[in-house]
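Trainee: This structure is in structure tokens; I'll ask about it shortly.
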Amino acid sequence: MEKRYFIKILLAIVVVIGSTVIIQSCNKLNLTPLDKTTTSTFYTKKSDFDAGLFGSYSSMQDFWAINSASSFGGHNGWGSFWVVSLMASDDAEFNTSYGNSASDVQEVDALTFKANNRFIFTMYAEIYEGINRANIVLEQVDNGKNDLTDGEKKAIVAEAKFLRGFFHFLAAQLWKTAPIVTETAKTLQQTYSNSDPAALLQASLDDFKAAAADLPTSWDDANTGRATKWSARAYEGKVNVWMQKWNDAVDAFEDVEKNGGFELLDDYEDVFASAHENSKESVFEVQFGGPYSDDNSWILDDNGNEDFKSTQGTARVWFFNPRTDAGSQRWYVPTTKLKALFDEEPGDKRLDASFYYKEGEDLTSYDGGGISASTFTADLSSTGLAMKKYMGSKNIDPAFYRNGVTFNNERFFRYSELLLLHAEALLNGGAPKGISVYQTADACINKTRSRAGLGALSGATIEDLQKEKQKELCFEPARYFDMVRWNIGGAKIYPFPQDEIDRNHGSLIQN
């Protein structure tokens, strides 16, 4: 329970110094510390710095829920990351069956992006909250009043830079010219300007490189899921792909493949089962509590974290379960276009692991009332399809659910994605280094195809890579951001929230 206290103190500090660019209403408030603890009296021992780092991790968890930062002004972007990454993609569309509707979600589905959209606001709020919290830690490491050893300081700085790099990279993917914020706001009136897109990616890359140098290669069981040297090195490679630095990307990927200890699980469906959180295939996951954690997915309470894992989970079952009794948030269904892509090569095991599409198939799941037996029928969905990934028989363990809330982690970056990014770098001219067993694009792509039960490709093309990546990573974070950088499907970057444009008084120019 000691860490719960530290997180509460952290929030007091964040309130005192302001939360950079995230709450438009803040400049109208006159707030005081919750218990008169500020940065001048906090950050004196390692557990204080752990609390600060956990605060930054918690901003990731809020991508799928609501917390105080995103609830001001009625924004309440519940499940925002699913909207901006999945609903906008050609993997999914809005389920209009049985009169289901949500205009601001449907606008994103139609790629009609509005600056007052609550989901865009929430993502901006949480990303810059996470950046600010990481910056607080970075500024306090050398405050002259802590008892940290030099080794502890290096590790804390590395983890804070990983977190800041993670958030800046996501900001680059969503908005391209989002501000670079490398220090805490000194006043509530501080304004921020657009960044150069290359500079924003470089800032993220620099943080990941610094993190990789000093992060541990692994953590003990109590801290499994925190950033490691190899998750940072993997993100180095990924950012280099976005920057089209193909040789640097290959260098990072081969290092991770040889030394990171990652491997694909034998069964694709196992990857998303609650029993296989933080598996050997996981490069980075967003952590939730469980088993048997809190049941409040409406507002993630940053004060309640006893460690860096949120004690609350997400309402995935409410949003993805197509049953008519699942509630009004059953928004997401697969597109027929994605199903047709799978049908091009019959026998792909990932289809049955990712889709409900067979009449009468078992649809037993866990909801607010417990385990509910059901079967799938095409009329449950406007496309005749439903999402099975993270669902299905392997994910109805009551220990990982409570009142319709699931505590199964979000798989944010998997080893299979790294292999396919490696293939892309090689196809674009990246030079093999001879370090890992994957020296050709064919070798990288065929690794994921083999698990899926498909035959090997020879002379794979960029088009082959794009198809394979969409099937392997369907309904995960990658697709929409790939669509933007590949310039396909009408994909485009998001507008900045209008609240943030107004708050910056002309310093931040709308996309």
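Please note that chains go A, B, ... in the order of the structure tokens, that every chain numbers its residues from 1, and that ligands are numbered from 1 in the order shown.
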Among segment 330-379 of chain A, which residues carry a DSSP assignment of strand (DSSP E or B), reported as a list in words?

Mentor: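 Answer for segment 330-379 of chain A, restricted to strand (DSSP E or B): Tyr332, Val333, Pro334, Phe355, Tyr356, Asp362, Ser365, Tyr366, Asp367, Gly370, Ile371, Ser372 and Thr375 of chain A.
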
Trainee: Could you make a table, as JSON lines, of the residues of segment 92-199 of chain A that have an atom within 8 Å of an atom of segment 231-253 of chain A, each with its nearest atom pair and distance in Å to one decimal, counting only C-alpha atoms, in chain and number order?

Mentor:
{"residue": "A:Phe162", "atom": "CA", "partner": "A:Ala232", "partner_atom": "CA", "distance": 6.5}
{"residue": "A:Phe169", "atom": "CA", "partner": "A:Val239", "partner_atom": "CA", "distance": 7.5}
{"residue": "A:Ala198", "atom": "CA", "partner": "A:Met243", "partner_atom": "CA", "distance": 7.4}

Trainee: Going by DSSP on the backbone, which residues of segment 101-246 of chain A come out as helix (DSSP H, G or I)? List them as a ChimeraX atom specification.

Mentor: /A:103-109,118-140,150-175,197-214,221-223,229-242,246
